[in-house]
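Structure first, commentary second.
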Amino acid sequence: MLQPVGHAFILAREDIDVALAGMTDAQCWLQINGIATVGYHLAHLAGSTDRLMTYARGEPLTDAQQAILARERAIAEVRPSLETLLGNWHQVVTAALRQLATTPESALFERRAVGRERLPSNVHGLLFHAAEHAARHTGQIVTTAKLVRTTR
């Protein structure tokens with residue numbers, strides 16, 4: 001039942017790798033016409049996927065995850081290298097695939113609470129939302145990378 005989620009993560013990782021091959025750090029952080037940078041999308045994608053997978057396990061966010069969330073808001077000031085951002089994304093995908101492989105089908109509709117407001121969800125909903133969210137940001141990364149490459 002979780003194969004589509006796994007496929008979405010694998011495709012997102014592959015599409016991002018192809019789209020960003022040969023991109024420079026400067027291009028990663030180039031902002032055009034006020035749209036979010038490749039760097040922002042990549043940092044947010046890794047952080048949000050990690051957070052959603054944590055909620056799917058029924059765990060609260062760690063202090064480290066809270067710090068990453070706070071840094072995301074000002075990531076354009078920090079500007080980690082593209083290599084660092086891609087490395088983080090790859091680690092998150094590897095962990096997500098491992099989690100999917102060990103999630104029993106019997107647990108998919110267990111209730112989960114999300115965020116400080118403890119919004120109601122379940123394991124299935126969180127995993128599919130993580131995959132859908134990854135697909136959306138992958139599309140934004142691919143499109144923004146094409147735009148950045150054509151800007152002089």
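Residue numbering restarts at 1 for every chain of the structure tokens, chains are lettered A, B, ... in their displayed order, and ligands are numbered from 1 as they appear.
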
Using only C-alpha atoms, which residues sit within 10 Å of range 6-23 of chain A once same-chain residues fewer than 3 positions away are excluded, as a PyMOL selection string?
chain A and resi 1-3+26-28+38+42+49+82-83+86+89-90+92-94+96-101+127-128+130-146+148-149

As a list in words, which residues of chain A does DSSP assign to strand (DSSP E)?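 Of chain A, only Arg111, Arg112, Ala113, Val114, Leu119, Pro120, Ser121 and Asn122 of chain A fall in strand (DSSP E).
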
Using only C-alpha atoms, the residue out of A:Arg71, A:Arg51, A:Arg79, A:Arg57 with shortest distance to Thr37 in chain A is A:Arg79

Query raised in the report: Smallest atom-to-atom distance to Arg116 in chain A: which of A:Pro60, A:Ala70, A:Thr103, A:Ser81, using only C-alpha atoms?
Result: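 Between A:Pro60, A:Ala70, A:Thr103, A:Ser81, the residue approaching Arg116 in chain A most closely is A:Pro60.
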
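Between Tyr40 in chain A and the residues A:Pro80, A:Leu119, A:Leu61, A:Ser106, the shortest atom-to-atom distance, using only C-alpha atoms, involves A:Pro80.
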
*Report as a count of residues only: the residues of chain A with a DSSP assignment of alpha helix (DSSP H), based on the backbone of this structure.*
104

Restricting the calculation to only C-alpha atoms: of A:Val114, A:Ala67, A:Leu45, A:Ala76, which residue gets closest to Gln31 in chain A?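 Selected residue with least distance to Gln31 in chain A: A:Ala76.
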
*Å distance separating CA of Val123 in chain A from CA of Arg111 in chain A, one decimal place*: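 Spanning CA of Val123 in chain A to CA of Arg111 in chain A is a straight-line distance of 6.7 Å.
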
Judged by only C-alpha atoms, the minimum distance to Gln66 in chain A among A:Gly125, A:Gly47, A:Leu52, A:Pro120 is found for A:Gly47
